[in-house]
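J.: The structure file data-v9.txt (compact mmCIF, C-alpha atoms) is provided below.
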```txt
# COMPACT_ATOMS: atom_id res chain seq x y z
CA MET Y 1 -12.90 -5.04 -24.38
CA ALA Y 2 -9.18 -4.36 -24.89
CA ARG Y 3 -9.96 -0.69 -24.73
CA PHE Y 4 -11.81 -1.18 -21.43
CA VAL Y 5 -8.81 -3.06 -20.01
CA ALA Y 6 -6.45 -0.26 -21.08
CA TYR Y 7 -8.62 2.77 -20.28
CA GLY Y 8 -10.81 1.39 -17.49
CA SER Y 9 -13.99 2.77 -19.05
CA VAL Y 10 -16.34 2.65 -22.02
CA ARG Y 11 -18.26 5.70 -23.15
CA LEU Y 12 -21.55 5.45 -25.07
CA ASP Y 13 -22.46 8.88 -26.39
CA ALA Y 14 -26.15 9.85 -26.59
CA VAL Y 15 -27.42 6.27 -26.42
CA VAL Y 16 -30.43 7.20 -24.32
CA PRO Y 17 -33.30 8.60 -26.45
CA ALA Y 18 -34.44 12.17 -26.00
CA GLY Y 19 -37.82 11.13 -24.60
CA MET Y 20 -36.18 9.31 -21.71
CA ASN Y 21 -33.76 12.18 -21.10
CA ASP Y 22 -36.70 14.56 -20.86
CA GLU Y 23 -38.34 12.28 -18.35
CA ALA Y 24 -35.15 11.72 -16.35
CA VAL Y 25 -34.80 14.92 -14.35
CA LYS Y 26 -38.26 14.52 -12.81
CA VAL Y 27 -37.67 10.82 -12.11
CA LEU Y 28 -34.23 11.43 -10.62
CA THR Y 29 -35.45 14.38 -8.55
CA GLU Y 30 -38.24 12.25 -7.08
CA GLY Y 31 -35.66 9.59 -6.34
CA ILE Y 32 -35.24 5.95 -7.24
CA PRO Y 33 -36.00 3.60 -4.33
CA PRO Y 34 -32.90 2.13 -2.72
CA VAL Y 35 -32.42 -1.64 -2.76
CA PRO Y 36 -30.42 -3.99 -0.54
CA TYR Y 37 -26.87 -4.67 -1.68
CA GLY Y 38 -26.72 -7.51 -4.16
CA THR Y 39 -30.28 -7.30 -5.45
CA PRO Y 40 -30.80 -8.85 -8.91
CA VAL Y 41 -31.49 -6.23 -11.58
CA ALA Y 42 -34.99 -7.60 -12.25
CA GLU Y 43 -35.93 -7.12 -8.59
CA ALA Y 44 -34.12 -3.82 -8.11
CA PHE Y 45 -35.72 -2.19 -11.13
CA PRO Y 46 -39.26 -3.41 -11.90
CA GLU Y 47 -40.32 -3.91 -15.51
CA GLY Y 48 -41.28 -0.58 -17.05
CA SER Y 49 -39.45 1.55 -14.47
CA PHE Y 50 -37.10 4.25 -15.71
CA ALA Y 51 -33.99 2.50 -14.41
CA ARG Y 52 -35.03 -0.81 -15.98
CA ARG Y 53 -35.65 0.83 -19.34
CA LEU Y 54 -32.23 2.48 -19.05
CA VAL Y 55 -30.30 -0.75 -18.46
CA ASP Y 56 -32.39 -2.56 -21.07
CA LEU Y 57 -31.44 -0.17 -23.89
CA PRO Y 58 -29.66 -2.38 -26.43
CA GLU Y 59 -26.33 -0.52 -26.33
CA VAL Y 60 -26.30 -0.42 -22.53
CA ALA Y 61 -27.49 -3.99 -22.07
CA GLY Y 62 -24.94 -5.22 -24.61
CA ALA Y 63 -22.06 -3.44 -22.93
CA LEU Y 64 -23.09 -4.70 -19.50
CA ARG Y 65 -23.45 -8.23 -20.84
CA SER Y 66 -19.94 -8.07 -22.27
CA LEU Y 67 -18.40 -6.70 -19.08
CA VAL Y 68 -20.21 -8.38 -16.16
CA GLY Y 69 -22.15 -11.09 -17.95
CA PRO Y 70 -25.76 -12.19 -17.55
CA GLY Y 71 -27.69 -11.71 -14.34
CA PRO Y 72 -25.59 -9.10 -12.52
CA THR Y 73 -26.75 -7.78 -9.19
CA VAL Y 74 -27.12 -4.16 -8.19
CA ASP Y 75 -24.53 -3.23 -5.58
CA HIS Y 76 -26.11 0.18 -5.01
CA HIS Y 77 -27.35 3.14 -6.99
CA ALA Y 78 -27.54 6.86 -6.36
CA VAL Y 79 -28.53 10.14 -7.94
CA HIS Y 80 -25.86 12.85 -7.81
CA VAL Y 81 -26.88 16.46 -8.33
CA ARG Y 82 -24.26 19.23 -8.54
CA ASP Y 83 -26.03 22.49 -7.78
CA PRO Y 84 -25.40 25.59 -9.91
CA ARG Y 85 -22.38 27.53 -8.59
CA GLY Y 86 -22.54 25.43 -5.48
CA GLY Y 87 -20.63 22.71 -3.79
CA GLU Y 88 -17.02 21.69 -3.95
CA ALA Y 89 -15.20 19.31 -6.22
CA GLN Y 90 -14.94 15.81 -4.84
CA PRO Y 91 -11.41 14.66 -4.10
CA LEU Y 92 -10.09 12.22 -6.66
CA HIS Y 93 -11.08 8.77 -5.42
CA GLY Y 94 -11.86 5.17 -6.20
CA ASP Y 95 -15.24 3.91 -4.96
CA ALA Y 96 -15.77 1.59 -1.99
CA ILE Y 97 -12.48 0.31 -0.53
CA ILE Y 98 -9.23 -0.93 -1.99
CA ASP Y 99 -10.03 -3.92 -4.22
CA THR Y 100 -7.30 -6.37 -5.13
CA ARG Y 101 -9.27 -8.74 -7.37
CA VAL Y 102 -7.47 -9.72 -10.55
CA ASP Y 103 -10.04 -12.12 -12.04
CA ALA Y 104 -13.25 -10.21 -11.32
CA PHE Y 105 -14.39 -6.62 -11.44
CA ASP Y 106 -17.48 -4.51 -10.83
CA VAL Y 107 -18.79 -1.93 -13.25
CA GLN Y 108 -20.23 1.44 -12.44
CA LEU Y 109 -22.73 2.94 -14.85
CA MET Y 110 -22.98 6.73 -14.99
CA TYR Y 111 -25.87 8.29 -16.94
CA TYR Y 112 -26.09 11.98 -17.85
CA PRO Y 113 -29.61 13.01 -18.93
CA HIS Y 114 -28.62 16.43 -20.32
CA ASP Y 115 -25.74 18.00 -22.21
CA VAL Y 116 -22.73 18.43 -19.93
CA THR Y 117 -20.42 21.38 -20.61
CA LEU Y 118 -16.95 21.91 -19.15
CA GLU Y 119 -18.32 24.58 -16.78
CA MET Y 120 -20.98 22.21 -15.43
CA GLY Y 121 -18.33 20.11 -13.74
CA GLY Y 122 -18.71 16.83 -15.59
CA THR Y 123 -17.07 13.90 -13.86
CA LEU Y 124 -13.28 13.92 -13.77
CA SER Y 125 -11.72 10.53 -14.48
CA VAL Y 126 -8.19 9.34 -15.04
CA PRO Y 127 -7.77 6.89 -17.92
CA GLY Y 128 -5.76 3.83 -17.02
CA SER Y 129 -5.87 4.37 -13.24
CA HIS Y 130 -7.98 1.31 -12.41
CA PHE Y 131 -5.09 -0.98 -11.43
CA ARG Y 132 -3.71 1.46 -8.87
CA ARG Y 133 -4.00 -0.03 -5.41
CA THR Y 134 -5.09 3.00 -3.44
CA ASN Y 135 -7.86 3.35 -0.93
CA GLU Y 136 -10.84 5.61 -1.72
CA SER Y 137 -9.89 9.30 -1.33
CA ASP Y 138 -6.25 8.80 -0.30
CA THR Y 139 -5.55 10.19 -3.79
CA GLY Y 140 -7.28 13.48 -2.89
CA ARG Y 141 -4.01 15.39 -3.21
CA TYR Y 142 -3.90 14.72 -6.95
CA GLN Y 143 -5.80 17.70 -8.30
CA ASN Y 144 -4.87 17.28 -11.93
CA LEU Y 145 -3.08 14.64 -13.98
CA ARG Y 146 -1.89 14.98 -17.56
CA GLY Y 147 -4.33 13.29 -19.94
CA GLN Y 148 -7.19 13.31 -17.43
CA THR Y 149 -10.74 13.35 -18.77
CA ARG Y 150 -13.09 16.15 -17.78
CA LEU Y 151 -16.35 14.81 -19.10
CA VAL Y 152 -18.11 16.90 -21.71
CA CYS Y 153 -20.90 14.96 -23.38
CA PRO Y 154 -24.25 15.15 -25.15
CA ALA Y 155 -27.50 14.35 -23.37
CA GLY Y 156 -28.16 10.65 -22.94
CA THR Y 157 -24.54 9.63 -22.55
CA VAL Y 158 -23.69 6.55 -20.49
CA VAL Y 159 -20.20 5.82 -19.20
CA LEU Y 160 -19.26 2.44 -17.74
CA LEU Y 161 -16.29 2.44 -15.35
CA HIS Y 162 -14.11 -0.32 -13.93
CA HIS Y 163 -14.61 -0.18 -10.16
CA GLY Y 164 -11.04 0.91 -9.51
CA LEU Y 165 -10.93 3.94 -11.81
CA TRP Y 166 -9.93 7.22 -10.14
CA HIS Y 167 -12.71 9.78 -10.59
CA GLY Y 168 -14.56 12.62 -8.89
CA GLY Y 169 -17.42 15.04 -9.43
CA ARG Y 170 -16.05 18.43 -10.41
CA ARG Y 171 -17.20 21.80 -9.10
CA ASN Y 172 -20.20 23.13 -11.03
CA ASP Y 173 -19.24 26.65 -12.16
CA SER Y 174 -22.33 27.08 -14.37
CA ASP Y 175 -25.85 28.31 -13.72
CA THR Y 176 -27.37 24.91 -14.48
CA ALA Y 177 -27.78 21.94 -12.14
CA ARG Y 178 -26.00 18.80 -13.30
CA TYR Y 179 -27.63 15.41 -12.80
CA MET Y 180 -25.98 12.02 -12.87
CA PHE Y 181 -27.48 8.64 -12.06
CA LYS Y 182 -25.08 5.88 -11.12
CA ILE Y 183 -25.53 2.16 -10.66
CA ARG Y 184 -22.82 -0.24 -9.52
CA PHE Y 185 -23.13 -3.79 -10.84
CA ASN Y 186 -21.59 -6.93 -9.36
CA PRO Y 187 -20.98 -9.93 -11.63
CA THR Y 188 -22.53 -13.28 -10.73
CA VAL Y 189 -20.62 -15.34 -13.29
CA ARG Y 190 -16.92 -15.78 -14.12
CA GLN Y 191 -15.90 -12.90 -16.34
CA VAL Y 192 -14.28 -15.03 -19.03
CA ARG Y 193 -14.91 -14.44 -22.76
CA LEU Y 194 -18.29 -12.81 -22.15
CA TRP Y 195 -18.02 -10.58 -25.21
CA ASP Y 196 -17.76 -11.17 -28.97
CA THR Y 197 -14.29 -12.72 -29.09
CA GLY Y 198 -14.13 -13.17 -32.85
CA ASP Y 199 -11.21 -10.77 -33.14
CA LEU Y 200 -9.05 -11.98 -30.26
CA ALA Y 201 -6.13 -12.66 -32.60
CA ASP Y 202 -6.29 -9.21 -34.19
CA PRO Y 203 -2.95 -7.39 -33.71
CA GLU Y 204 -4.93 -4.30 -32.75
CA VAL Y 205 -5.68 -5.97 -29.40
CA ALA Y 206 -2.03 -5.77 -28.30
CA GLU Y 207 -1.79 -2.29 -29.77
CA ILE Y 208 -4.74 -1.06 -27.70
CA LEU Y 209 -3.44 -2.80 -24.58
CA SER Y 210 -0.16 -0.91 -25.08
CA THR Y 211 -1.81 2.51 -24.85
CA ARG Y 212 0.33 4.82 -22.73
CA PHE Y 213 -1.28 7.70 -20.84
CA PRO Y 214 0.51 11.03 -20.36
CA TRP Y 215 0.26 10.87 -16.56
CA TYR Y 216 2.13 7.58 -16.25
CA GLU Y 217 5.60 7.79 -14.75
CA ALA Y 218 8.25 6.38 -17.07
CA ALA Y 219 8.97 3.23 -15.07
CA THR Y 220 5.51 2.57 -13.64
CA ALA Y 221 4.01 2.63 -17.14
CA ARG Y 222 5.71 -0.73 -17.70
CA LEU Y 223 4.00 -2.13 -14.61
CA GLU Y 224 0.68 -0.90 -15.99
CA TYR Y 225 1.25 -3.04 -19.09
CA TYR Y 226 2.05 -5.98 -16.82
CA ASN Y 227 -1.24 -5.53 -14.99
CA ARG Y 228 -3.19 -5.24 -18.25
CA ILE Y 229 -1.62 -8.47 -19.51
CA ARG Y 230 -2.64 -10.14 -16.27
CA MET Y 231 -6.23 -8.94 -16.63
CA TRP Y 232 -6.37 -9.93 -20.31
CA ARG Y 233 -5.14 -13.42 -19.42
CA ALA Y 234 -7.91 -13.68 -16.81
CA LEU Y 235 -10.59 -12.38 -19.19
CA THR Y 236 -9.60 -14.64 -22.08
CA GLY Y 237 -8.40 -17.69 -20.14
CA ASP Y 238 -5.22 -17.56 -22.23
CA ASP Y 239 -2.24 -17.92 -19.90
CA THR Y 240 0.22 -17.47 -22.74
CA PHE Y 241 -0.90 -14.01 -23.83
CA ASP Y 242 1.81 -11.38 -23.59
CA ILE Y 243 2.86 -8.02 -24.99
CA GLU Y 244 6.49 -7.22 -25.66
CA TYR Y 245 7.50 -10.21 -23.51
CA TRP Y 246 6.79 -8.22 -20.30
CA MET Y 247 5.31 -11.11 -18.34
CA THR Y 248 7.09 -14.03 -20.02
CA ARG Y 249 10.54 -12.60 -19.36
CA VAL Y 250 10.11 -12.27 -15.61
CA SER Y 251 8.43 -15.65 -15.16
CA ASN Y 252 11.00 -17.67 -17.12
CA ARG Y 253 12.44 -20.30 -14.77
CA PRO Y 254 13.97 -23.09 -16.89
CA ARG Y 255 13.89 -26.55 -15.31
CA ARG Y 256 16.07 -28.27 -17.87
CA VAL Y 257 19.51 -29.17 -16.55
CA ALA Y 258 22.34 -28.50 -18.93
CA SER Y 259 24.10 -31.65 -20.07
CA MET J 1 7.56 49.90 10.99
CA SER J 2 5.58 46.65 11.23
CA ALA J 3 6.94 43.34 9.92
CA PRO J 4 5.59 42.20 6.55
CA VAL J 5 2.74 39.70 6.67
CA VAL J 6 3.58 36.70 4.56
CA ARG J 7 1.54 33.67 3.55
CA GLN J 8 2.62 30.40 2.03
CA GLN J 9 1.64 29.11 -1.38
CA VAL J 10 2.26 25.41 -1.99
CA LEU J 11 2.83 23.67 -5.29
CA VAL J 12 2.97 19.88 -5.53
CA LEU J 13 4.46 18.42 -8.69
CA TYR J 14 4.47 14.76 -9.68
CA LEU J 15 7.31 13.98 -12.04
CA SER J 16 7.95 11.23 -14.55
CA THR J 17 11.11 9.99 -12.79
CA SER J 18 12.90 10.75 -9.53
CA ALA J 19 14.92 13.45 -11.35
CA LEU J 20 13.85 17.01 -10.61
CA ASP J 21 14.35 17.95 -14.25
CA SER J 22 11.95 15.27 -15.54
CA GLU J 23 8.50 16.06 -16.92
CA VAL J 24 5.50 16.99 -14.80
CA VAL J 25 2.74 14.34 -14.95
CA GLY J 26 0.48 15.69 -12.20
CA TRP J 27 0.09 18.77 -9.99
CA ALA J 28 -1.78 20.40 -7.14
CA ARG J 29 -1.78 23.92 -5.71
CA TYR J 30 -2.79 25.38 -2.36
CA ASP J 31 -2.95 29.10 -1.70
CA GLY J 32 -2.45 30.41 1.82
CA THR J 33 -3.25 33.95 0.71
CA GLY J 34 -6.87 32.95 0.07
CA ARG J 35 -6.79 34.81 -3.23
CA THR J 36 -7.30 31.70 -5.34
CA SER J 37 -9.00 28.37 -4.66
CA PRO J 38 -7.40 25.68 -6.82
CA THR J 39 -9.32 22.42 -6.79
CA THR J 40 -9.65 18.97 -8.31
CA GLY J 41 -9.94 18.90 -12.07
CA ASP J 42 -9.53 22.64 -12.64
CA SER J 43 -6.91 22.48 -15.37
CA ASP J 44 -5.60 20.19 -18.10
CA GLU J 45 -2.28 22.00 -18.56
CA PRO J 46 0.54 21.63 -16.03
CA PRO J 47 1.87 24.89 -14.58
CA TYR J 48 5.45 23.92 -15.47
CA ARG J 49 7.01 21.44 -17.85
CA THR J 50 9.54 20.13 -15.30
CA GLY J 51 10.39 20.49 -11.62
CA VAL J 52 13.42 22.62 -12.46
CA ALA J 53 11.18 25.00 -14.42
CA ALA J 54 9.33 25.67 -11.13
CA LEU J 55 12.67 26.45 -9.43
CA CYS J 56 13.52 28.87 -12.24
CA ASP J 57 10.23 30.67 -11.56
CA GLY J 58 11.07 31.20 -7.89
CA TRP J 59 9.45 28.19 -6.17
CA ARG J 60 11.55 26.70 -3.35
CA LEU J 61 11.75 22.93 -3.04
CA ILE J 62 10.88 21.86 0.51
CA GLN J 63 10.29 18.10 0.21
CA ALA J 64 10.95 15.25 -2.21
CA SER J 65 9.69 11.66 -2.08
CA PRO J 66 12.23 9.13 -0.84
CA LEU J 67 12.96 6.18 -3.10
CA ILE J 68 11.45 3.12 -1.44
CA PRO J 69 11.96 -0.38 -2.86
CA PRO J 70 8.76 -2.40 -3.46
CA TYR J 71 7.58 -4.65 -0.67
CA PRO J 72 8.48 -8.29 -1.36
CA GLY J 73 5.62 -9.92 -3.28
CA HIS J 74 4.27 -6.59 -4.47
CA GLU J 75 6.89 -5.74 -7.08
CA TYR J 76 4.31 -5.46 -9.89
CA ASP J 77 1.67 -3.55 -7.98
CA VAL J 78 0.88 0.01 -9.01
CA SER J 79 -0.31 2.48 -6.43
CA PHE J 80 0.39 6.14 -5.57
CA LEU J 81 2.51 8.34 -7.79
CA LYS J 82 6.11 7.88 -6.72
CA HIS J 83 7.91 11.09 -7.53
CA GLU J 84 6.24 13.80 -5.49
CA PHE J 85 7.92 17.19 -4.96
CA PHE J 86 6.62 19.92 -2.66
CA PHE J 87 7.49 23.54 -3.37
CA GLU J 88 6.65 26.73 -1.52
CA ARG J 89 6.55 30.41 -2.25
CA LEU J 90 6.13 33.10 0.40
CA VAL J 91 3.89 35.97 -0.62
CA ASN J 92 3.74 39.34 1.10
CA VAL J 93 0.07 40.11 1.81
CA SER J 94 0.59 43.20 4.01
```
Take the structure from the file and write it as structure tokens.
T.:
Amino acid sequence: MARFVAYGSVRLDAVVPAGMNDEAVKVLTEGIPPVPYGTPVAEAFPEGSFARRLVDLPEVAGALRSLVGPGPTVDHHAVHVRDPRGGEAQPLHGDAIIDTRVDAFDVQLMYYPHDVTLEMGGTLSVPGSHFRRTNESDTGRYQNLRGQTRLVCPAGTVVLLHHGLWHGGRRNDSDTARYMFKIRFNPTVRQVRLWDTGDLADPEVAEILSTRFPWYEAATARLEYYNRIRMWRALTGDDTFDIEYWMTRVSNRPRRVAS
Amino acid sequence: MSAPVVRQQVLVLYLSTSALDSEVVGWARYDGTGRTSPTTGDSDEPPYRTGVAALCDGWRLIQASPLIPPYPGHEYDVSFLKHEFFFERLVNVS
């Protein structure tokens, strides 16, 4: 979870079995019926359907349970196909509109049914960009950022993104169509200690939350840590958590009057 | 003799601090000659290490971000990259 707070994503390589990947292109080409915003997963994806089997895979279900909790609703879903040698790269963007929530977040699942090579234009994402308060494609001018991720992955990979993460579909410069199925989930419970919290006191937590990405400006990187601390406090319910005194220092207002 | 036909190439560099000699953290390119078509996510390596390195290679600085204090109440917000520098190069296409 600390890694998700720092990076804004979790990647599960090749968690979908080959049989489902083989089935996927046909299913995704035929289309998955749209559902109204906010439909419970069980209603959106009937028992036995491809999408239901996907979100019920133990690794996927476990990650979703840890991030958004039990009983999430489906915000929307869509199949994205990048044609061979066709189309343009999407501008770098965050989905939906600017989202200022500190104590709640949505998760976007992205599933890749086949191997994705660099030339196929796997999704571009920017680690640690999820706290940036920018609106949709206003970031379109940012073509490349140091430390960005250009997804290259084996078939059956699932990536779960924080709703605010900057990302975009890249231009497909290969001769093979690239498929991606995405589902956005909304939580229906408070996102507090929903994961295995047995290692909360492990020093590695603070270490992971202190990850610095190469594209961060020198000064703004410190504000990124501040925002991670704020999210970690919300997720754990621990209002005393801090790293390197970043939040404690600037909220210290002594009330004691000197004698 | 006809006048040379020139087109503008634009380079946008995002730097680590407001200093032009600080490190490049992000970049974008636009090519008015039409000879190249830079786009989102087309490279992992910055074209220059610093803004000054771009000057040394002949790019002309035409705009730099002003330094704007945070809005009251939003001092800890993170948003757009702050240190944006626009460069141009004029290329003879005649």
J.: Find the residue from Y:Arg65, Y:Arg178, Y:His167, Y:Arg150 that sits nearest to Pro113 of chain Y; use all atoms listed in the file when measuring.
T.: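 Selected residue with least distance to Pro113 of chain Y: Y:Arg178.
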J.: Taking all atoms listed in the file into account, find every residue of chain Y that has an atom no more than 7 Å from chain J, and write it out as a list in words.
T.: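 Close enough to count are Ala89, Pro91, Leu92, Leu124, Phe131, Arg132, Arg133, Thr134, Arg141, Tyr142, Gln143, Asn144, Leu145, Arg146, Arg170, Pro214, Trp215, Tyr216, Glu217, Ala218 and Leu223 of chain Y.
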J.: So which one's closest to Val6 of chain J, J:Leu67, J:Ala54, J:Thr33, J:Asp21? Using all atoms listed in the file, please.
T.: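 Using all atoms listed in the file, Val6 of chain J sits closest to J:Thr33.
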J.: Using only C-alpha atoms for the distances, tell me which of Y:Thr211, Y:Thr123, Y:Thr73, Y:Asn135 is nearest to Gly169 of chain Y.
T.: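 Using only C-alpha atoms, Gly169 of chain Y sits closest to Y:Thr123.
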J.: When you draw a straight line from atom CA of His93 of chain Y to atom CA of Ala234 of chain Y, how long is it in Å?
T.: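 That distance, rounded to one decimal, is 25.4 Å.
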J.: Contacts of segment 11-27 of chain Y at 12 Å or less, counting all atoms listed in the file, minus same-chain residues fewer than 3 places along, as a PyMOL selection string?
T.: chain Y and resi 3-4+7-8+30-33+49-64+79-81+108-116+125+127+149+151-162+177-181
J.: Using all atoms listed in the file, find the one residue out of Y:Met231, Y:Leu67, Y:Val35, Y:Leu165 that sits nearest to Val126 of chain Y.
T.: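 When distances to Val126 of chain Y are compared using all atoms listed in the file, the smallest one comes from Y:Leu165.
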J.: Please list as a PyMOL selection string every residue within 12 Å of Gly58 of chain J, counting all atoms listed in the file and excluding residues in the same chain fewer than 3 positions away.
T.: chain J and resi 9+11+48+51-55+61+87-91
J.: Can you measure atom CA of Arg255 of chain Y to atom CA of Asp103 of chain Y for me? One decimal in Å is fine.
T.: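 Between atom CA of Arg255 of chain Y and atom CA of Asp103 of chain Y the gap is 28.1 Å.
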J.: Give as JSON, numbers by chain every residue, naming chains and numbers as the document does, that has an atom within 6 Å of (10.0, 16.3, -1.9), counting all atoms listed in the file.
T.: {"J": [63, 64, 65, 84, 85, 86]}
J.: Please, what distance in Å, to one decimal, runs between atom CA of Asn252 of chain Y and atom CA of Thr240 of chain Y?
T.: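 These atoms are spaced 12.2 Å apart.
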